[in-house]
Every structure is written in structure tokens, then in C-alpha cells.
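Student: So that you have it, the file is work.txt, and it contains compact mmCIF, C-alpha atoms and all ligand atoms:
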# COMPACT_ATOMS: atom_id res chain seq x y z
CA MET T 67 -24.43 -7.24 7.14
CA ILE T 68 -24.17 -4.18 4.86
CA GLN T 69 -25.72 -5.28 1.53
CA PRO T 70 -25.08 -4.37 -1.21
CA LEU T 71 -21.40 -3.53 -0.72
CA PRO T 72 -21.09 0.26 -0.08
CA ILE T 73 -18.77 0.87 -3.03
CA ASN T 74 -17.49 4.34 -3.83
CA SER T 75 -18.23 5.68 -0.38
CA ILE T 76 -16.53 6.81 2.82
CA ILE T 77 -17.91 5.26 5.99
CA CYS T 78 -17.40 7.03 9.31
CA GLY T 79 -16.98 4.44 12.05
CA ASP T 80 -14.73 2.09 13.96
CA SER T 81 -13.22 -0.43 11.53
CA ALA T 82 -13.44 -3.15 14.18
CA LYS T 83 -17.24 -2.85 13.83
CA VAL T 84 -17.66 -1.77 10.20
CA LEU T 85 -15.47 -4.57 8.76
CA LYS T 86 -17.62 -7.08 10.64
CA GLU T 87 -20.61 -5.84 8.67
CA LEU T 88 -19.00 -6.27 5.25
CA PRO T 89 -19.58 -9.55 3.37
CA PRO T 90 -16.70 -12.06 3.64
CA ASP T 91 -14.40 -12.52 0.62
CA SER T 92 -15.63 -9.28 -1.01
CA ILE T 93 -12.60 -6.97 -1.37
CA ASP T 94 -9.92 -7.30 -4.07
CA MET T 95 -7.24 -5.11 -2.53
CA MET T 96 -6.59 -3.12 0.63
CA LEU T 97 -4.06 -0.36 1.25
CA TRP T 98 -3.73 1.03 4.78
CA SER T 99 -1.46 2.55 7.35
CA PRO T 100 -2.19 2.10 11.08
CA PRO T 101 -2.48 4.95 13.58
CA TYR T 102 0.87 5.62 15.18
CA GLY T 103 0.64 5.10 18.93
CA ASP T 104 0.27 8.16 21.05
CA LEU T 105 2.47 10.16 18.74
CA ARG T 106 -0.47 11.47 16.82
CA ARG T 107 -3.94 11.72 18.26
CA TYR T 108 -6.75 11.25 15.82
CA THR T 109 -9.91 11.73 17.83
CA LYS T 110 -10.56 12.68 21.42
CA GLU T 111 -11.54 9.05 22.09
CA PHE T 112 -8.35 7.59 20.58
CA ASP T 113 -6.49 5.52 23.15
CA ALA T 114 -3.23 4.04 21.87
CA ASN T 115 -3.05 1.51 24.70
CA ASN T 116 -6.49 0.08 24.00
CA PHE T 117 -6.41 0.34 20.25
CA PRO T 118 -8.18 -2.70 18.72
CA LEU T 119 -5.68 -3.29 15.90
CA GLU T 120 -5.71 -7.06 16.28
CA ASN T 121 -9.54 -7.24 16.03
CA ILE T 122 -9.40 -5.08 12.94
CA LEU T 123 -6.74 -7.28 11.31
CA ILE T 124 -8.76 -10.46 11.93
CA ARG T 125 -11.79 -8.83 10.22
CA MET T 126 -9.55 -7.54 7.45
CA LYS T 127 -8.56 -11.12 6.60
CA GLN T 128 -12.21 -12.20 6.49
CA VAL T 129 -13.35 -9.60 3.96
CA LEU T 130 -10.35 -10.04 1.65
CA LYS T 131 -11.13 -12.13 -1.45
CA PRO T 132 -9.11 -15.30 -2.03
CA GLY T 133 -6.15 -14.14 -4.13
CA GLY T 134 -6.67 -10.60 -2.81
CA VAL T 135 -3.81 -8.48 -1.51
CA SER T 136 -3.61 -6.29 1.62
CA VAL T 137 -0.82 -3.71 1.63
CA ALA T 138 0.30 -2.15 4.94
CA VAL T 139 2.51 0.95 5.07
CA VAL T 140 4.10 0.99 8.52
CA GLY T 141 6.68 3.24 10.12
CA ASP T 142 8.13 3.03 13.62
CA PHE T 143 7.81 5.56 16.43
CA MET T 144 9.12 6.10 19.95
CA MET T 145 7.06 4.74 22.83
CA ASN T 146 8.28 4.64 26.46
CA LYS T 147 11.89 5.45 25.45
CA SER T 148 11.99 2.57 22.95
CA LYS T 149 11.04 2.09 19.35
CA SER T 150 7.57 0.53 19.30
CA GLY T 151 8.55 -2.38 17.06
CA LEU T 152 5.13 -2.06 15.34
CA PRO T 153 6.60 -2.75 11.85
CA HIS T 154 7.81 -6.09 13.16
CA ARG T 155 4.77 -7.00 15.24
CA ILE T 156 2.21 -6.40 12.48
CA PRO T 157 3.60 -8.99 10.00
CA THR T 158 4.13 -11.51 12.81
CA PHE T 159 0.48 -11.18 13.85
CA ILE T 160 -0.85 -11.27 10.30
CA ILE T 161 1.19 -14.36 9.36
CA ASP T 162 0.58 -16.28 12.62
CA LYS T 163 -2.98 -15.32 13.51
CA CYS T 164 -4.64 -14.11 10.28
CA LEU T 165 -2.89 -16.82 8.25
CA LEU T 166 -2.19 -14.53 5.30
CA ASN T 167 1.03 -14.90 3.32
CA LEU T 168 3.68 -12.21 3.52
CA HIS T 169 4.17 -11.93 -0.23
CA VAL T 170 6.87 -9.25 -0.38
CA THR T 171 8.37 -6.57 1.88
CA ILE T 172 9.34 -3.27 0.27
CA ILE T 173 11.43 -0.57 1.94
CA TYR T 174 9.91 2.84 1.37
CA GLU T 175 12.78 5.32 1.54
CA LYS T 176 11.87 8.94 2.27
CA ASN T 177 13.84 12.09 1.76
CA ASN T 178 12.74 13.45 5.15
CA PHE T 179 12.60 12.08 8.66
CA SER T 180 10.46 12.96 11.64
CA TYR T 181 12.46 12.34 14.76
CA PRO T 182 16.11 13.23 14.56
CA ARG T 183 17.74 11.90 17.75
CA GLN T 184 21.20 12.95 18.83
CA ASN T 185 22.33 9.44 19.64
CA SER T 186 20.96 7.48 16.71
CA TYR T 187 20.76 7.40 12.93
CA TYR T 188 18.13 9.35 11.05
CA GLU T 189 15.26 7.11 10.26
CA THR T 190 14.58 7.57 6.56
CA HIS T 191 12.49 4.51 5.82
CA GLU T 192 9.16 2.85 6.45
CA TYR T 193 8.00 -0.61 5.43
CA ILE T 194 5.46 -1.67 2.84
CA PHE T 195 4.23 -5.19 3.64
CA VAL T 196 2.25 -6.92 0.91
CA PHE T 197 0.08 -9.72 2.35
CA SER T 198 -1.97 -12.07 0.23
CA LYS T 199 -4.80 -14.54 0.81
CA GLY T 200 -3.24 -17.43 -1.05
CA ARG T 201 -1.45 -16.68 -4.29
CA PRO T 202 -2.09 -13.08 -5.51
CA LYS T 203 -4.58 -13.16 -8.37
CA THR T 204 -3.26 -9.97 -9.95
CA PHE T 205 0.25 -8.61 -10.51
CA PHE T 206 1.24 -5.92 -12.98
CA PRO T 207 4.94 -5.27 -12.23
CA ILE T 208 6.23 -1.73 -12.54
CA GLU T 209 9.16 -1.84 -14.96
CA ASP T 210 11.02 1.44 -14.56
CA ARG T 211 14.44 0.29 -13.31
CA GLU T 212 16.98 1.36 -15.87
CA THR T 213 19.07 -1.56 -17.05
CA LYS T 214 22.65 -0.31 -16.80
CA ASN T 215 24.59 -2.22 -19.45
CA GLN T 216 22.21 -2.43 -22.32
CA LYS T 217 24.69 -4.31 -24.45
CA PRO T 218 24.34 -7.69 -26.08
CA TRP T 219 25.56 -10.30 -23.66
CA GLY T 220 26.22 -14.02 -23.71
CA LYS T 221 27.13 -16.17 -26.67
CA HIS T 222 24.79 -18.73 -28.12
CA SER T 223 25.89 -22.04 -29.55
CA ASN T 224 24.24 -25.02 -31.21
CA ARG T 225 24.98 -28.52 -30.05
CA GLN T 226 26.24 -30.83 -32.83
CA TRP T 227 25.41 -34.52 -33.35
CA ASP T 228 28.72 -35.52 -31.74
CA GLY T 229 28.03 -33.39 -28.61
CA SER T 230 30.40 -30.54 -29.53
CA LEU T 231 29.19 -26.90 -29.52
CA LEU T 232 29.22 -24.74 -32.65
CA PRO T 233 29.14 -20.95 -31.90
CA SER T 234 26.12 -19.16 -33.41
CA GLU T 235 25.72 -15.53 -34.50
CA ARG T 236 22.58 -15.02 -32.35
CA LYS T 237 23.07 -12.58 -29.44
CA THR T 238 20.91 -11.96 -26.33
CA THR T 239 20.17 -8.32 -25.46
CA THR T 240 18.71 -6.91 -22.27
CA ASN T 241 15.68 -4.61 -22.07
CA THR T 242 16.21 -0.90 -21.34
CA TYR T 243 13.91 -1.07 -18.28
CA SER T 244 13.26 -3.96 -16.01
CA ARG T 245 11.21 -4.81 -12.94
CA ARG T 246 11.74 -2.76 -9.78
CA GLY T 247 13.69 -4.03 -6.79
CA THR T 248 12.38 -3.82 -3.24
CA VAL T 249 13.65 -0.37 -2.22
CA TRP T 250 11.30 2.35 -3.47
CA ARG T 251 12.16 6.02 -3.05
CA TYR T 252 9.55 8.76 -2.73
CA ARG T 253 9.89 12.44 -2.13
CA VAL T 254 7.61 13.40 0.73
CA GLY T 255 6.77 16.46 2.76
CA GLY T 256 5.40 19.91 1.99
CA ALA T 257 5.30 21.83 -1.27
CA ARG T 258 2.80 19.26 -2.60
CA MET T 259 5.38 16.48 -2.73
CA SER T 260 3.14 13.92 -1.01
CA SER T 261 -0.19 15.12 -2.31
CA SER T 262 -1.55 17.63 -4.77
CA TYR T 263 -4.49 18.04 -2.40
CA ARG T 264 -3.47 20.81 -0.01
CA ARG T 265 -5.77 19.92 2.90
CA ALA T 266 -4.34 16.38 3.10
CA TYR T 267 -1.49 17.88 5.12
CA ASP T 268 -3.97 18.53 7.94
CA GLN T 269 -3.75 14.75 8.50
CA SER T 270 -0.25 14.37 9.89
CA ALA T 271 0.43 10.78 8.77
CA ILE T 272 -0.42 10.70 5.06
CA PHE T 273 1.47 8.48 2.66
CA PRO T 274 2.40 9.88 -0.76
CA GLU T 275 -0.10 9.69 -3.62
CA TRP T 276 2.57 8.13 -5.86
CA LEU T 277 3.08 5.31 -3.38
CA ALA T 278 -0.68 4.60 -3.41
CA GLU T 279 -0.76 4.74 -7.22
CA ASP T 280 2.14 2.30 -7.54
CA GLN T 281 0.56 -0.20 -5.15
CA ILE T 282 -2.92 0.02 -6.70
CA ASN T 283 -1.47 -0.37 -10.20
CA SER T 284 0.61 -3.38 -9.11
CA TRP T 285 -2.05 -5.47 -7.36
CA SER T 286 -5.48 -4.59 -8.83
CA ARG T 287 -7.32 -4.10 -12.12
CA PRO T 288 -9.62 -1.25 -13.17
CA GLY T 289 -13.13 -1.87 -11.80
CA GLU T 290 -11.92 -3.89 -8.81
CA ILE T 291 -12.63 -2.84 -5.20
CA VAL T 292 -9.90 -1.16 -3.13
CA LEU T 293 -10.48 -0.62 0.61
CA ASP T 294 -8.64 1.51 3.18
CA PHE T 295 -9.89 0.86 6.73
CA PHE T 296 -7.71 3.69 8.18
CA ASN T 297 -8.58 6.07 5.37
CA GLY T 298 -7.51 9.37 7.00
CA SER T 299 -7.35 12.17 4.42
CA GLY T 300 -8.31 9.63 1.73
CA THR T 301 -5.07 9.08 -0.20
CA THR T 302 -6.05 5.48 -1.04
CA THR T 303 -9.64 6.25 -2.01
CA SER T 304 -8.62 9.25 -4.16
CA MET T 305 -5.94 7.31 -6.04
CA ALA T 306 -8.28 4.32 -6.45
CA LYS T 307 -10.86 6.63 -8.04
CA LYS T 308 -8.19 8.24 -10.23
CA LEU T 309 -7.10 4.82 -11.50
CA GLY T 310 -10.65 3.66 -12.28
CA ARG T 311 -11.03 1.31 -9.32
CA GLN T 312 -14.05 1.16 -7.02
CA TYR T 313 -13.23 2.25 -3.50
CA ILE T 314 -14.37 2.08 0.11
CA GLY T 315 -12.80 4.19 2.87
CA ILE T 316 -13.45 3.75 6.60
CA ASP T 317 -12.25 6.16 9.29
CA ILE T 318 -13.28 6.78 12.86
CA SER T 319 -12.86 10.56 12.57
CA GLN T 320 -15.72 12.55 11.05
CA GLU T 321 -13.27 15.34 10.24
CA TYR T 322 -11.11 13.03 8.11
CA CYS T 323 -14.15 11.46 6.46
CA ASP T 324 -15.33 14.93 5.40
CA MET T 325 -11.83 15.71 4.13
CA ALA T 326 -11.68 12.45 2.15
CA ASN T 327 -15.08 13.16 0.58
CA ASP T 328 -14.03 16.68 -0.42
CA ARG T 329 -10.78 15.33 -1.85
CA LEU T 330 -12.66 12.77 -3.97
CA LYS T 331 -14.56 15.62 -5.63
CA THR T 332 -11.26 16.94 -7.04
CA ILE T 333 -10.40 13.62 -8.75
CA THR T 334 -11.09 12.72 -12.37
CA PRO T 335 -10.59 9.04 -13.26
CA ILE T 336 -7.93 8.13 -15.82
CA ILE T 337 -8.51 4.54 -16.82
CA ILE T 338 -5.61 2.67 -18.38
CA ASN T 339 -6.03 -1.01 -19.07
CA PRO T 340 -2.87 -2.61 -17.64
CA GLU T 341 -3.16 -5.41 -20.21
CA ASP T 342 -2.54 -2.83 -22.98
CA LYS T 343 0.73 -1.68 -21.39
CA ASN T 344 3.07 -3.61 -23.62
CA GLU T 345 1.24 -3.11 -26.91
C1 LIG B 401 -1.95 6.84 9.76
S1 LIG B 401 -3.53 7.52 9.58
C2 LIG B 401 -3.93 7.11 7.91
C3 LIG B 401 -3.53 8.18 6.95
C4 LIG B 401 -3.91 7.88 5.52
N1 LIG B 401 -3.14 6.78 4.98
C5 LIG B 401 -3.70 9.10 4.63
O1 LIG B 401 -2.90 9.06 3.66
O2 LIG B 401 -4.32 10.12 4.93
C6 LIG B 401 -4.55 6.44 10.50
C7 LIG B 401 -6.04 6.76 10.51
O3 LIG B 401 -6.72 5.75 11.26
C8 LIG B 401 -7.89 6.32 11.81
N2 LIG B 401 -8.36 5.42 12.88
C9 LIG B 401 -7.86 5.25 14.13
N3 LIG B 401 -8.56 4.30 14.77
C10 LIG B 401 -9.51 3.84 13.91
C11 LIG B 401 -10.51 2.83 13.99
N4 LIG B 401 -10.70 2.11 15.09
N5 LIG B 401 -11.32 2.64 12.91
C12 LIG B 401 -11.14 3.38 11.79
N6 LIG B 401 -10.21 4.35 11.67
C13 LIG B 401 -9.39 4.56 12.71
C14 LIG B 401 -7.42 7.68 12.28
O4 LIG B 401 -8.52 8.59 12.42
C15 LIG B 401 -6.44 8.08 11.15
O5 LIG B 401 -7.07 8.90 10.20
Represent the supplied structure as C-alpha cells.
Tutor:
Amino acid sequence: MIQPLPINSIICGDSAKVLKELPPDSIDMMLWSPPYGDLRRYTKEFDANNFPLENILIRMKQVLKPGGVSVAVVGDFMMNKSKSGLPHRIPTFIIDKCLLNLHVTIIYEKNNFSYPRQNSYYETHEYIFVFSKGRPKTFFPIEDRETKNQKPWGKHSNRQWDGSLLPSERKTTTNTYSRRGTVWRYRVGGARMSSSYRRAYDQSAIFPEWLAEDQINSWSRPGEIVLDFFNGSGTTTSMAKKLGRQYIGIDISQEYCDMANDRLKTITPIIINPEDKNE
């Protein structure tokens, strides 16, 4: 068992083994994206057919705190002339075998797409699955959806002693911005649209920094521990540091661990207390 918890560090190793060494019920939030089959090769040893994803997910459940949230960003890819179905198999496994709740599914819509096929539609989305160990202990909703008709609506009335209704002057108004829906759009790709850290593009499957920021802000508080067990170029760990969270990144590739460590050096924390948001 690794004691104390290796907070604010990047660990180079196989998550199937490293997660086993972390204390149970110790992590507040996780944000991760699995390796994509044989589409992208991460290390010389990487073998998509023998990839221990299920072992890793079982360990993931054990280290998550009760009330903690584990967010998976999953896209699909072609395998043996068929879509892999990975975005559908991961939630099934996590619900049935890890016994976590699927709290919400968000569609992450991208402005680009990787595999245009002549005989199909362009695939412009991935999935964000938010799993929780019991009821999530933290939720700070992002409220940036413009409310279209910001006019007073509905009439109020006061009930009289004889049961009749007397119209009142009081009017209900809507807020200018309200809670987001479940389709989130991000601009991705080159020209620093996914990351301000140039070298992150050397890792071919990064998710955008803004996506990581939105998830970390939604499901964790400053000071809490955020883990990515497929840390890659370190998008999760960098954004966790930026937002004043503690972080742990695990990746099997030494090259990506070095990249994630270098990237962390470029980050200055900006700590905003989410409880102050509405003051
Ligand atoms: C889709 S990428 C993650 C990219 C990351 N979200 C980012 O923004 O850079 C998946 C990562 O999983 C790592 N990986 C593959 N097998 C692993 C294992 N058994 N343990 C830990 N990391 C592994 C790969 O090296 C790769 O960096």
C-alpha cells in the first residue's frame, strides 16, 4: 500500500497495479479517457486485445470515496470493420460489475471528426459518463445556458376564504442564465483549441482543457483529490492544479509522464471558492 497518498505527483506504471496500491475510499474525483484500441499505440508493449481495462475499472471503484465521482470521456473507433461499441460497453460494465451509479451522460460535441467514411455520417461526438459511488457529495452546476425569453411569465393569484382565486400583481421572472443541458460543445483540434500547452498534441488522444475544467469545477471542491489513471499528456492533472485541487496522474508511458510533469510546471493555480459564486 502506498502511504501516504502520493498527492500532486505523476506515477509511471500500469494502473491495474498502481491502483491496487492506493488506499481504498481515498479519491474524491476521477477524470479519464481509455486508450482507443489499436487505433493509437501508446507504448511498444501496448496490446489492445489484452488490455486490462476491466481490472483497472474494478480497482478504480475501490479507491473512489463514497460520494465520489468518476468521469469517463469515451469515443468510438473502428475495429475489425465495425465500431468497437466501447462507449456502450464501459457503462454496462461499470454499472453491472463495479456497482457504481451512472449519474448522468453528457454528449460532447466536437467541431472536428477523425474518421470520415464515405458510407456513413461524420462522427462529431463522444460521450462523457459521470459515475458516482452512491449519491454525489459535490455538485456545482455550470449555469451558462442563456434563457431565451427573459420575460415575466405566469400569473399569481391568492385563494380567498370561499375557494375563489383573486389575481395578484406579483409576477415570476426567469433568470438570464440557467443550468446547462446534456449536450456540451467544445472546439477541438490544432491552433491551441484543445490545449494551450503545445506539446500536448504529441499525445494523439487528448481531451480539451475546457472540458476538464468544466468537469472538475462541477464535481469537486478546491483542495480535494482528482485522479486520472490514463493521464497521457496530463490534461486532467494540469487543470486540477490550475483549479486548486490536489492531483494524481498515472500513465504506463514514461514519455507521457515526462510530458505531464513538464506541463504541470507551466500551470499557476487560480483558486475560486465555488461557494462564493453567487455572492
Ligand atoms: C486516451 S489516452 C489519455 C489522454 C489524456 N486524457 C490526455 O488528455 O492527454 C490514454 C492513455 O492511457 C495510457 N495507458 C494505456 N494503458 C495503460 C495502463 N495499463 N496503465 C496506465 N496507463 C495506460 C496510455 O499511455 C495513454 O497515454
Student: Go through T:Met126, T:Ile316, T:Met305, T:Ala138 and flag the residue nearest Asp80 in chain T, using only C-alpha atoms for the distances.
Tutor: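 For Asp80 in chain T, the nearest of the candidates is T:Ile316.
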Student: Within 7 Å of (-22.0, -8.3, 3.6), in the coordinates the file gives, what residues turn up when you count all atoms listed in the file, written out as a PyMOL selection string?
Tutor: chain T and resi 67-71+87-90
Student: Just checking: using all atoms listed in the file, which residue out of T:Tyr102, T:Phe195, T:Tyr174, T:Tyr313 ends up closest to ligand LIG 401 (chain B)?
Tutor: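 Looking at the shortest contact to ligand LIG 401 (chain B), the residue is T:Tyr102.
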Student: Quick one, how far is CA of Pro288 in chain T from CA of Leu130 in chain T?
Tutor: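 Value for the CA of Pro288 in chain T-CA of Leu130 in chain T distance: 17.2 Å.
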Student: So which residues touch range 176-191 of chain T within 7 Å, counting all atoms listed in the file, skipping near sequence neighbours fewer than 3 positions away, as a VMD selection string?
Tutor: chain T and resid 173 251 to 254
